[in-house]
file protein.txt (compact mmCIF, C-alpha atoms)
# COMPACT_ATOMS: atom_id res chain seq x y z
CA MET A 5 10.20 170.80 101.48
CA GLU A 6 13.28 172.95 100.83
CA PRO A 7 12.65 176.04 98.64
CA ILE A 8 13.36 175.40 94.95
CA SER A 9 13.34 177.41 91.71
CA ILE A 10 10.36 176.62 89.47
CA ALA A 11 9.52 177.70 85.93
CA MET A 12 5.86 177.64 84.88
CA ILE A 13 5.74 177.31 81.08
CA SER A 14 2.63 177.70 78.95
CA ASP A 15 1.22 179.54 75.95
CA PHE A 16 -1.72 180.50 78.14
CA PHE A 17 -1.01 183.30 80.60
CA HIS A 18 -1.99 186.88 81.34
CA PRO A 19 -2.88 189.27 79.76
CA ALA A 20 -5.03 186.55 78.15
CA VAL A 21 -7.97 185.57 80.36
CA GLY A 22 -9.05 182.01 81.11
CA GLY A 23 -9.01 179.11 83.54
CA VAL A 24 -5.47 177.94 82.73
CA GLU A 25 -4.11 181.49 82.99
CA ASN A 26 -5.72 182.00 86.40
CA HIS A 27 -4.58 178.55 87.60
CA ILE A 28 -0.93 179.27 86.75
CA TYR A 29 -1.01 182.69 88.43
CA MET A 30 -2.72 181.54 91.64
CA LEU A 31 -0.54 178.42 91.98
CA SER A 32 2.60 180.52 91.40
CA ALA A 33 1.53 183.14 93.95
CA ASN A 34 0.90 180.52 96.63
CA LEU A 35 4.17 178.71 95.92
CA ILE A 36 6.00 182.05 96.28
CA ARG A 37 4.32 182.60 99.64
CA ARG A 38 5.64 179.18 100.69
CA GLY A 39 9.21 180.32 100.00
CA HIS A 40 9.82 179.02 96.48
CA LYS A 41 11.15 181.07 93.60
CA VAL A 42 8.71 180.95 90.66
CA ILE A 43 8.97 182.45 87.18
CA VAL A 44 6.59 182.16 84.21
CA ILE A 45 7.68 181.71 80.59
CA THR A 46 5.11 182.42 77.87
CA HIS A 47 4.86 183.97 74.41
CA SER A 48 4.63 187.67 73.63
CA HIS A 49 1.39 189.58 73.10
CA SER A 50 0.86 192.40 70.64
CA PRO A 51 1.42 195.27 70.56
CA ASP A 52 4.24 195.51 73.12
CA ARG A 53 4.01 192.74 75.75
CA VAL A 54 7.47 191.28 75.20
CA GLY A 55 10.48 190.96 77.49
CA ILE A 56 10.31 190.79 81.30
CA ARG A 57 7.36 191.90 83.42
CA TRP A 58 6.68 191.62 87.15
CA LEU A 59 3.34 190.68 88.72
CA LEU A 60 2.48 190.72 92.39
CA PRO A 61 3.58 189.01 94.59
CA SER A 62 7.10 189.01 93.03
CA LEU A 63 6.17 186.84 90.04
CA LYS A 64 8.63 187.35 87.19
CA VAL A 65 7.23 186.74 83.70
CA TYR A 66 9.30 186.21 80.55
CA TYR A 67 7.39 187.03 77.35
CA ILE A 68 9.58 185.50 74.62
CA PRO A 69 9.11 186.84 71.05
CA PHE A 70 6.81 184.18 69.57
CA LEU A 71 3.38 185.21 68.30
CA PRO A 72 0.30 182.96 68.64
CA ILE A 73 -1.38 181.49 65.57
CA ALA A 74 -4.83 180.75 67.06
CA SER A 75 -6.53 180.89 70.48
CA SER A 76 -3.32 182.11 72.15
CA ALA A 77 -1.41 178.96 71.08
CA THR A 78 1.91 179.12 69.21
CA LEU A 79 3.01 176.93 66.32
CA PRO A 80 4.90 173.77 67.40
CA ASN A 81 8.50 174.26 66.26
CA PHE A 82 10.49 172.13 68.75
CA LEU A 83 13.93 173.71 68.23
CA THR A 84 13.59 177.49 67.80
CA SER A 85 12.66 178.03 71.44
CA LEU A 86 15.80 176.28 72.77
CA PRO A 87 18.13 179.35 72.70
CA TYR A 88 15.59 181.38 74.71
CA LEU A 89 14.67 178.62 77.16
CA ARG A 90 18.29 177.56 77.73
CA THR A 91 19.34 181.12 78.58
CA ILE A 92 16.36 181.77 80.87
CA LEU A 93 16.47 178.44 82.69
CA LEU A 94 20.22 178.59 83.30
CA ARG A 95 20.37 182.23 84.39
CA GLU A 96 17.44 181.76 86.78
CA HIS A 97 18.94 178.54 88.28
CA ILE A 98 15.71 176.61 87.55
CA GLN A 99 15.45 173.14 89.12
CA LEU A 100 11.98 172.13 87.92
CA ILE A 101 9.77 172.94 84.92
CA HIS A 102 5.99 172.81 85.31
CA ALA A 103 4.27 172.91 81.90
CA HIS A 104 0.53 173.50 81.53
CA ALA A 105 -2.11 172.62 78.90
CA SER A 106 -2.11 170.06 76.09
CA LEU A 107 -2.34 172.72 73.38
CA SER A 108 0.62 174.70 74.68
CA SER A 109 3.49 174.20 72.22
CA ILE A 110 6.00 176.05 74.36
CA GLY A 111 5.10 173.81 77.30
CA HIS A 112 5.85 170.68 75.28
CA GLU A 113 9.12 172.21 74.08
CA GLY A 114 10.13 173.08 77.64
CA ILE A 115 9.74 169.43 78.64
CA LEU A 116 11.71 168.32 75.56
CA HIS A 117 14.66 170.62 76.36
CA ALA A 118 14.68 170.25 80.16
CA HIS A 119 16.67 166.99 80.38
CA LEU A 120 19.59 168.63 78.54
CA MET A 121 20.15 170.83 81.61
CA GLY A 122 19.29 168.24 84.24
CA ILE A 123 15.99 169.95 85.05
CA ARG A 124 13.05 167.83 86.27
CA THR A 125 9.62 168.12 84.65
CA VAL A 126 5.93 168.13 85.62
CA PHE A 127 2.95 168.50 83.27
CA THR A 128 -0.61 169.57 84.15
CA ASP A 129 -3.44 168.76 81.75
CA HIS A 130 -6.46 171.06 82.03
CA SER A 131 -8.76 169.77 79.28
CA LEU A 132 -10.56 166.74 77.89
CA PHE A 133 -10.08 165.72 74.26
CA GLY A 134 -11.56 163.04 72.04
CA PHE A 135 -9.87 160.39 69.95
CA ASP A 136 -11.57 160.46 66.56
CA ASP A 137 -11.32 163.96 65.05
CA ALA A 138 -8.27 165.32 63.24
CA ALA A 139 -7.43 168.00 65.84
CA SER A 140 -7.57 165.49 68.71
CA ILE A 141 -5.48 162.91 66.84
CA LEU A 142 -2.70 165.44 66.14
CA THR A 143 -2.84 166.90 69.66
CA ASN A 144 -2.78 163.46 71.27
CA LYS A 145 0.20 162.31 69.21
CA LEU A 146 2.11 165.45 70.19
CA MET A 147 1.24 164.87 73.84
CA VAL A 148 2.27 161.19 73.74
CA GLY A 149 5.71 162.19 72.51
CA THR A 150 6.06 164.71 75.34
CA LEU A 151 4.70 162.58 78.18
CA LYS A 152 6.91 159.60 77.34
CA ASN A 153 9.76 161.39 79.13
CA VAL A 154 8.01 163.60 81.68
CA ASP A 155 8.63 162.94 85.38
CA ALA A 156 5.06 163.46 86.64
CA VAL A 157 1.60 164.33 85.33
CA ILE A 158 -1.13 166.23 87.20
CA CYS A 159 -4.81 166.26 86.16
CA VAL A 160 -7.56 168.50 87.54
CA SER A 161 -10.18 165.75 87.92
CA HIS A 162 -10.41 161.96 88.04
CA THR A 163 -12.26 161.96 84.73
CA GLY A 164 -9.48 164.12 83.30
CA ARG A 165 -6.95 161.63 84.66
CA GLU A 166 -8.58 158.73 82.80
CA ASN A 167 -8.70 160.83 79.62
CA THR A 168 -5.06 161.92 79.90
CA VAL A 169 -3.83 158.39 80.68
CA LEU A 170 -5.48 157.06 77.52
CA ARG A 171 -4.49 159.99 75.28
CA GLY A 172 -0.93 160.15 76.60
CA GLN A 173 -0.48 156.35 76.79
CA LEU A 174 0.78 156.66 80.36
CA PHE A 175 1.56 152.99 80.83
CA GLU A 176 4.74 151.17 81.83
CA ARG A 177 5.89 147.64 81.05
CA ASN A 178 6.37 145.48 84.14
CA GLU A 179 8.40 142.28 84.41
CA ASP A 180 6.16 140.64 81.81
CA PRO A 181 6.75 142.66 78.59
CA LYS A 182 3.26 141.77 77.37
CA VAL A 183 1.56 143.36 80.40
CA LEU A 184 1.18 147.12 80.83
CA GLU A 185 0.49 148.89 84.10
CA LEU A 186 -0.47 152.49 84.87
CA ARG A 187 2.38 154.86 85.65
CA LYS A 188 2.50 155.71 89.34
CA SER A 189 3.45 159.34 88.73
CA VAL A 190 -0.05 160.47 87.58
CA TYR A 191 -1.81 162.63 90.18
CA VAL A 192 -5.16 164.39 90.60
CA ILE A 193 -5.13 167.90 92.10
CA PRO A 194 -8.33 169.90 91.49
CA ASN A 195 -8.64 173.58 90.72
CA ALA A 196 -9.50 176.09 93.43
CA LEU A 197 -10.65 179.65 93.92
CA VAL A 198 -10.36 182.56 96.34
CA ALA A 199 -13.73 182.31 98.07
CA GLU A 200 -13.50 185.85 99.49
CA GLN A 201 -13.68 187.20 95.91
CA PHE A 202 -17.06 185.53 95.35
CA LYS A 203 -19.17 186.51 98.33
CA PRO A 204 -22.91 186.40 97.57
CA CYS A 205 -24.57 189.78 96.99
CA LEU A 206 -28.12 189.23 98.23
CA GLN A 207 -30.69 190.90 95.98
CA PRO A 208 -34.16 192.16 97.00
CA ALA A 209 -36.91 189.56 96.66
CA THR A 210 -38.50 189.55 93.20
CA ASP A 211 -40.60 187.25 91.02
CA THR A 212 -38.10 187.51 88.15
CA ILE A 213 -35.51 184.74 87.93
CA THR A 214 -32.30 185.50 86.05
CA ILE A 215 -30.23 182.68 84.56
CA VAL A 216 -26.55 183.57 84.11
CA VAL A 217 -24.32 181.99 81.45
CA LEU A 218 -20.58 182.79 81.51
CA SER A 219 -18.63 180.86 78.92
CA ARG A 220 -16.47 181.00 75.86
CA LEU A 221 -19.02 180.96 73.05
CA ALA A 222 -17.68 177.93 71.19
CA TYR A 223 -19.03 174.57 70.06
CA ARG A 224 -17.40 172.47 72.79
CA LYS A 225 -18.98 174.74 75.41
CA GLY A 226 -22.42 173.61 74.21
CA ILE A 227 -23.59 176.98 72.91
CA ASP A 228 -25.73 175.15 70.31
CA LEU A 229 -27.67 173.67 73.26
CA LEU A 230 -28.12 177.14 74.73
CA VAL A 231 -29.36 178.48 71.39
CA ALA A 232 -31.88 175.63 71.15
CA THR A 233 -33.17 175.71 74.74
CA ALA A 234 -33.23 179.40 75.69
CA PRO A 235 -36.31 180.31 73.54
CA LYS A 236 -38.24 177.30 74.91
CA ILE A 237 -37.35 178.18 78.50
CA CYS A 238 -38.48 181.79 77.93
CA ALA A 239 -41.77 180.51 76.49
CA LEU A 240 -42.37 178.14 79.42
CA PHE A 241 -41.43 180.66 82.14
CA PRO A 242 -42.47 184.28 81.43
CA ASN A 243 -40.64 185.44 84.57
CA VAL A 244 -37.23 184.07 83.47
CA ASN A 245 -34.52 186.20 81.84
CA PHE A 246 -31.01 185.33 80.61
CA VAL A 247 -27.71 187.17 81.03
CA VAL A 248 -24.96 185.77 78.78
CA GLY A 249 -21.32 186.81 79.14
CA GLY A 250 -18.46 185.75 76.90
CA ASP A 251 -17.19 185.93 73.37
CA GLY A 252 -16.46 183.45 70.60
CA PRO A 253 -17.47 182.12 67.19
CA LYS A 254 -20.98 181.18 68.34
CA LEU A 255 -21.92 184.75 69.29
CA ILE A 256 -23.52 185.31 65.89
CA GLU A 257 -25.86 182.35 66.44
CA LEU A 258 -26.99 183.74 69.79
CA LEU A 259 -27.68 187.10 68.15
CA GLN A 260 -29.68 185.43 65.37
CA MET A 261 -31.70 183.38 67.88
CA ARG A 262 -32.52 186.49 69.91
CA GLU A 263 -33.64 188.33 66.77
CA LYS A 264 -35.69 185.40 65.46
CA TYR A 265 -37.70 184.95 68.66
CA LEU A 266 -37.86 188.69 69.56
CA LEU A 267 -36.17 188.13 72.93
CA GLN A 268 -34.06 191.30 73.07
CA ASP A 269 -35.69 192.31 76.35
CA ARG A 270 -35.16 188.89 77.97
CA ILE A 271 -31.75 187.72 76.74
CA GLU A 272 -28.92 190.16 77.44
CA LEU A 273 -25.58 189.56 75.70
CA LEU A 274 -22.71 191.24 77.57
CA GLY A 275 -19.78 190.25 75.36
CA PRO A 276 -16.30 189.61 76.88
CA ILE A 277 -16.18 189.79 80.69
CA ARG A 278 -13.04 190.67 82.62
CA HIS A 279 -12.30 188.38 85.55
CA LYS A 280 -12.69 191.21 88.06
CA ASP A 281 -16.24 191.78 86.77
CA VAL A 282 -17.37 188.16 87.03
CA LEU A 283 -18.88 188.59 90.52
CA SER A 284 -20.94 191.60 89.47
CA VAL A 285 -22.42 189.57 86.60
CA LEU A 286 -23.06 186.50 88.75
CA SER A 287 -24.76 188.67 91.38
CA ARG A 288 -27.47 189.57 88.88
CA GLY A 289 -28.77 185.99 88.78
CA SER A 290 -29.97 183.14 90.96
CA ILE A 291 -29.26 180.22 88.58
CA PHE A 292 -26.05 179.47 86.68
CA MET A 293 -26.36 177.45 83.48
CA ASN A 294 -23.52 175.41 81.95
CA THR A 295 -24.14 173.48 78.72
CA SER A 296 -20.61 172.23 77.99
CA LEU A 297 -20.20 169.13 75.85
CA THR A 298 -16.83 168.41 77.49
CA GLU A 299 -15.31 169.81 80.68
CA ALA A 300 -12.29 168.64 82.67
CA PHE A 301 -13.19 170.61 85.81
CA GLY A 302 -15.31 173.72 85.19
CA ILE A 303 -13.97 176.58 87.32
CA ALA A 304 -16.88 178.81 86.21
CA ILE A 305 -19.29 176.37 87.90
CA LEU A 306 -17.30 176.58 91.13
CA GLU A 307 -17.21 180.40 91.04
CA ALA A 308 -20.97 180.58 90.43
CA ALA A 309 -21.74 178.19 93.29
CA CYS A 310 -19.44 180.16 95.60
CA ALA A 311 -21.29 183.36 94.64
CA GLY A 312 -24.52 181.72 95.84
CA LEU A 313 -26.10 180.66 92.55
CA TYR A 314 -27.83 177.33 92.09
CA VAL A 315 -26.12 175.46 89.23
CA VAL A 316 -27.58 173.59 86.27
CA SER A 317 -25.04 171.73 84.16
CA THR A 318 -24.68 168.99 81.61
CA LYS A 319 -23.30 165.84 83.19
CA VAL A 320 -20.05 165.59 81.25
CA GLY A 321 -16.36 165.12 82.05
CA GLY A 322 -15.29 166.08 85.56
CA VAL A 323 -18.35 168.23 86.33
CA PRO A 324 -19.97 165.62 88.67
CA GLU A 325 -16.86 165.80 90.88
CA ILE A 326 -17.14 169.54 91.60
CA LEU A 327 -20.20 170.07 93.83
CA PRO A 328 -22.49 168.11 96.19
CA GLU A 329 -25.72 166.88 94.60
CA ASP A 330 -27.90 169.33 96.55
CA MET A 331 -26.12 172.33 94.97
CA ILE A 332 -26.45 171.31 91.32
CA SER A 333 -28.96 169.78 88.90
CA PHE A 334 -27.54 167.62 86.12
CA ALA A 335 -28.84 167.13 82.61
CA LYS A 336 -27.88 165.03 79.63
CA PRO A 337 -26.52 167.14 76.75
CA GLU A 338 -29.96 167.05 75.13
CA GLU A 339 -32.56 169.82 74.70
CA ASP A 340 -35.41 168.16 76.60
CA ASP A 341 -33.26 167.15 79.55
CA VAL A 342 -31.68 170.61 79.85
CA ILE A 343 -35.17 172.15 79.96
CA ARG A 344 -36.17 169.59 82.63
CA ALA A 345 -33.13 170.47 84.77
CA ILE A 346 -33.78 174.22 84.41
CA SER A 347 -37.42 173.68 85.44
CA GLU A 348 -36.21 171.77 88.51
CA ALA A 349 -33.79 174.57 89.41
CA ILE A 350 -36.47 177.26 89.02
CA HIS A 351 -38.73 175.29 91.38
CA ILE A 352 -35.92 174.98 93.96
CA VAL A 353 -35.08 178.70 93.82
CA GLN A 354 -38.69 179.89 93.87
CA ASN A 355 -39.44 177.77 96.95
CA GLY A 356 -36.42 179.02 98.87
CA LYS A 357 -34.74 175.61 99.04
CA HIS A 358 -31.33 177.03 98.11
CA ASP A 359 -29.45 179.22 100.62
CA PRO A 360 -26.74 181.32 98.85
CA VAL A 361 -24.88 182.19 102.06
CA ARG A 362 -24.72 178.58 103.23
CA ALA A 363 -23.56 177.49 99.78
CA HIS A 364 -20.72 180.03 99.93
CA GLU A 365 -19.62 178.85 103.38
CA ARG A 366 -19.57 175.24 102.20
CA ILE A 367 -17.48 176.06 99.12
CA LYS A 368 -14.92 177.82 101.35
CA THR A 369 -14.27 174.50 103.10
CA PHE A 370 -14.05 172.50 99.85
CA TYR A 371 -11.49 174.41 97.79
CA ASN A 372 -8.55 176.68 98.56
CA TRP A 373 -5.28 177.45 96.82
CA GLU A 374 -3.14 176.75 99.88
CA GLU A 375 -4.22 173.11 99.77
CA VAL A 376 -3.55 172.95 96.01
CA ALA A 377 -0.05 174.41 96.55
CA THR A 378 0.66 171.92 99.36
CA ARG A 379 -0.35 168.94 97.23
CA THR A 380 1.63 170.27 94.26
CA GLU A 381 4.68 170.62 96.52
CA ARG A 382 4.41 166.92 97.36
CA VAL A 383 4.50 166.10 93.65
CA TYR A 384 7.56 168.30 93.19
CA ASP A 385 9.27 166.64 96.14
CA ALA A 386 8.56 163.15 94.78
CA VAL A 387 9.90 164.15 91.36
CA LEU A 388 13.12 165.66 92.74
CA LYS A 389 13.76 162.51 94.81
CA SER A 390 13.09 160.13 91.92
CA ARG A 391 15.68 158.72 89.53
CA GLN A 392 16.41 160.85 86.47
CA MET A 393 16.21 159.12 83.08
CA GLU A 394 19.38 158.81 81.03
CA LEU A 395 19.52 159.74 77.34
CA MET A 396 19.49 156.13 76.10
CA GLU A 397 16.43 155.37 78.19
CA ARG A 398 14.69 158.42 76.71
CA ILE A 399 15.56 157.24 73.20
CA GLN A 400 14.20 153.75 73.91
CA ARG A 401 10.97 155.17 75.34
CA THR A 402 10.61 157.51 72.38
CA MET A 403 11.06 154.66 69.90
CA ASP A 404 8.13 152.90 71.59
CA LEU A 405 5.83 155.53 70.07
CA GLY A 406 5.49 153.32 66.99
CA PRO A 407 7.09 152.52 63.65
CA PHE A 408 6.22 155.92 62.19
CA ALA A 409 6.11 158.44 65.05
CA GLY A 410 8.91 156.77 67.03
CA PRO A 411 11.76 157.42 64.59
CA ILE A 412 10.51 160.97 63.87
CA TYR A 413 10.46 161.93 67.56
CA THR A 414 13.80 160.21 68.12
CA ILE A 415 15.39 162.27 65.33
CA ILE A 416 13.94 165.44 66.91
CA LEU A 417 15.37 164.38 70.29
CA LEU A 418 18.86 163.75 68.84
CA VAL A 419 18.89 166.96 66.78
CA ASP A 420 17.83 168.80 69.94
CA CYS A 421 20.87 167.37 71.74
CA ILE A 422 23.20 168.42 68.91
CA PHE A 423 21.70 171.92 68.80
CA PHE A 424 22.15 172.18 72.57
CA LEU A 425 25.83 171.24 72.28
CA PHE A 426 26.24 173.90 69.60
CA LEU A 427 24.67 176.50 71.91
CA GLU A 428 26.98 175.40 74.74
CA TRP A 429 29.92 176.27 72.43
CA TRP A 430 28.40 179.38 70.83
CA ILE A 431 27.04 180.92 74.08
CA PRO A 432 29.15 179.42 76.90
CA ARG A 433 27.54 179.30 80.33
CA ASP A 434 30.20 181.52 81.86
CA THR A 435 29.13 184.37 79.53
CA LEU A 436 25.51 184.36 80.77
CA HIS A 437 24.28 187.03 83.18
CA TYR A 438 23.04 184.94 86.08
CA VAL A 439 20.33 186.11 88.45
CA HIS A 440 21.70 186.11 92.00
CA HIS A 441 19.02 188.22 93.69
CA HIS A 442 15.27 187.84 93.58
CA TRP A 443 12.44 189.98 94.90
CA ASP A 444 12.83 190.28 98.68
CA HIS A 445 9.45 190.35 100.40
CA GLU A 446 10.66 192.04 103.59
CA THR A 447 12.44 194.84 101.70
CA PHE A 448 9.38 195.39 99.50
CA ARG A 449 7.11 195.55 102.56
CA GLU A 450 9.42 198.09 104.23
CA LEU A 451 9.45 200.28 101.10
CA VAL A 452 5.64 200.19 100.90
CA ASP A 453 5.34 201.10 104.58
CA ASP A 454 7.78 204.01 104.16
CA LYS A 455 5.85 205.24 101.14
CA CYS A 456 2.57 205.07 103.05
CA ARG A 457 4.01 207.00 105.98
CA LYS A 458 5.21 209.77 103.66
call {"tool": "encode", "arguments": {"input": "protein.txt", "output": "structure tokens"}}
result
Amino acid sequence: MEPISIAMISDFFHPAVGGVENHIYMLSANLIRRGHKVIVITHSHSPDRVGIRWLLPSLKVYYIPFLPIASSATLPNFLTSLPYLRTILLREHIQLIHAHASLSSIGHEGILHAHLMGIRTVFTDHSLFGFDDAASILTNKLMVGTLKNVDAVICVSHTGRENTVLRGQLFERNEDPKVLELRKSVYVIPNALVAEQFKPCLQPATDTITIVVLSRLAYRKGIDLLVATAPKICALFPNVNFVVGGDGPKLIELLQMREKYLLQDRIELLGPIRHKDVLSVLSRGSIFMNTSLTEAFGIAILEAACAGLYVVSTKVGGVPEILPEDMISFAKPEEDDVIRAISEAIHIVQNGKHDPVRAHERIKTFYNWEEVATRTERVYDAVLKSRQMELMERIQRTMDLGPFAGPIYTIILLVDCIFFLFLEWWIPRDTLHYVHHHWDHETFRELVDDKCRK
């Protein structure tokens, strides 16, 4: 594939820490190594993370001046981001936008504005959502409006693909208008990791078994299950301790549980963990416990398995797709079944049936970012070779959203076009400062070598 200019757009990026943030960075870095130009567009972070920053290897990040309202997500505003995105996308000669995450407002807005400049679009969904609660209904309706006109959709698991297809209504009408068929431009590309960063640190033999939990301490991560099962596991197995890393609204419940059952010496709460410290925390244990109620992929499970831990997880979402059955014990999201799975894992570890080094070597062959970048390139290539939708076709597809949402989204689409025409007159393209030079790897390497020699 010929090198192209790509803009990754999402509310979720560094310095915030999380799976989406790491996915965007690692994918961008590997695409850069393959010769593409990649930039990231995200919102600003207080107190002073605004403007342009550079990350290795030559990743340019635009922090535009929008502040998040909750969980690093900005308020959906549709039109106010257009002046910023138009200027950035034009001056950087962007050919393709890759938006990430269903809850990223700026990602949805990037897809909305892209067709005005002839830029192709790809969307990656990283999460699973329901259909019956208020937050899911609003999020799903926003996503349907966006995905009606996107060129391709990527999901991180097959379960996530089914969920996204239903939530985003990714169906097309064939020759029979009464029959719907699945859009062909929906792909599955899993997450990955750098296996060398998660080499097992073998500990001296001991009778104590440490269970590690690394998670955002929130309801959908199943922290209520952890609160309910941890005291029972400690009572059943006097040689078992817990190490819990992460922060969130459920932290107070973990603290109350520890106080109630007097388990301060057996349940250690570490608070927020930086990504560079994850291996040191994982190395303290032999079992990794995941109690999520919903999970599209579960990168924490993959990192723990790569670090040599045996995994116990609830059987939800895309988790069954991650590891072979001999490296993980599954449980229903119920107290009794979680305790059963933990008991099974303790028996496996105590009897030496799990080899951490062999597990690490197997994971190295399963997942790597080069493969993810290669498969993503194929999606980009298919999108760039496909037919681009005209404005009238976009309007017709948007009207198919329904008698209420259809006209609203169509009005937003038309106002967006008018606002774009105004910007074309107010800030003509020939007045923009275009970027003609990007980070040159060879020059950078020579400068580093000269500096080292001095």
call {"tool": "closest_atom_pairs", "arguments": {"input": "protein.txt", "of": "range 44-143 of chain A", "to": "range 171-189 of chain A", "cutoff": "12 Å", "atoms": "all atoms listed in the file", "output": "CSV"}}
result
residue,atom,partner,partner_atom,distance
A:Ser106,CA,A:Gly172,CA,10.0
A:Thr125,CA,A:Ser189,CA,11.5
A:Val126,CA,A:Ser189,CA,9.6
A:Phe127,CA,A:Ser189,CA,10.7
A:Thr128,CA,A:Ser189,CA,11.9
A:Asp129,CA,A:Gly172,CA,10.3
A:Ser131,CA,A:Arg171,CA,11.4
A:Leu132,CA,A:Arg171,CA,9.4
A:Phe133,CA,A:Arg171,CA,8.1
A:Gly134,CA,A:Arg171,CA,8.4
A:Phe135,CA,A:Arg171,CA,7.6
A:Asp136,CA,A:Arg171,CA,11.2
A:Ser140,CA,A:Arg171,CA,9.1
A:Ile141,CA,A:Arg171,CA,9.0
A:Leu142,CA,A:Arg171,CA,10.8
A:Thr143,CA,A:Arg171,CA,9.1
call {"tool": "residues_around", "arguments": {"input": "protein.txt", "residues": "Val387 in chain A", "least_positions_apart": "6", "cutoff": "8 Å", "atoms": "only C-alpha atoms", "output": "ChimeraX atom specification"}}
result
/A:124-125,155-156
call {"tool": "atom_distance", "arguments": {"input": "protein.txt", "atom1": "CA of Arg366 in chain A", "atom2": "CA of Val315 in chain A"}}
result
14.5 Å
call {"tool": "atom_distance", "arguments": {"input": "protein.txt", "atom1": "CA of Gly410 in chain A", "atom2": "CA of Ser85 in chain A"}}
result
22.0 Å
call {"tool": "residues_around", "arguments": {"input": "protein.txt", "residues": "Lys368 in chain A", "least_positions_apart": "3", "cutoff": "12 Å", "atoms": "only C-alpha atoms", "output": "list in words"}}
result
Ala196, Leu197, Val198, Ala199, Glu200, Gln201, Phe202, Lys203, Leu306, Glu307, Ala309, Cys310, Ala311, Gly312, Val361, Arg362, Ala363, His364, Glu365, Tyr371, Asn372, Trp373, Glu374 and Glu375 of chain A
call {"tool": "closest_residue", "arguments": {"input": "protein.txt", "among": "A:Thr435, A:Asn167, A:Ser284, A:Ser75", "to": "Gln207 in chain A", "atoms": "only C-alpha atoms"}}
result
A:Ser284
call {"tool": "closest_residue", "arguments": {"input": "protein.txt", "among": "A:Ala234, A:Ala222, A:Ala377, A:Leu259", "to": "Tyr29 in chain A", "atoms": "only C-alpha atoms"}}
result
A:Ala377
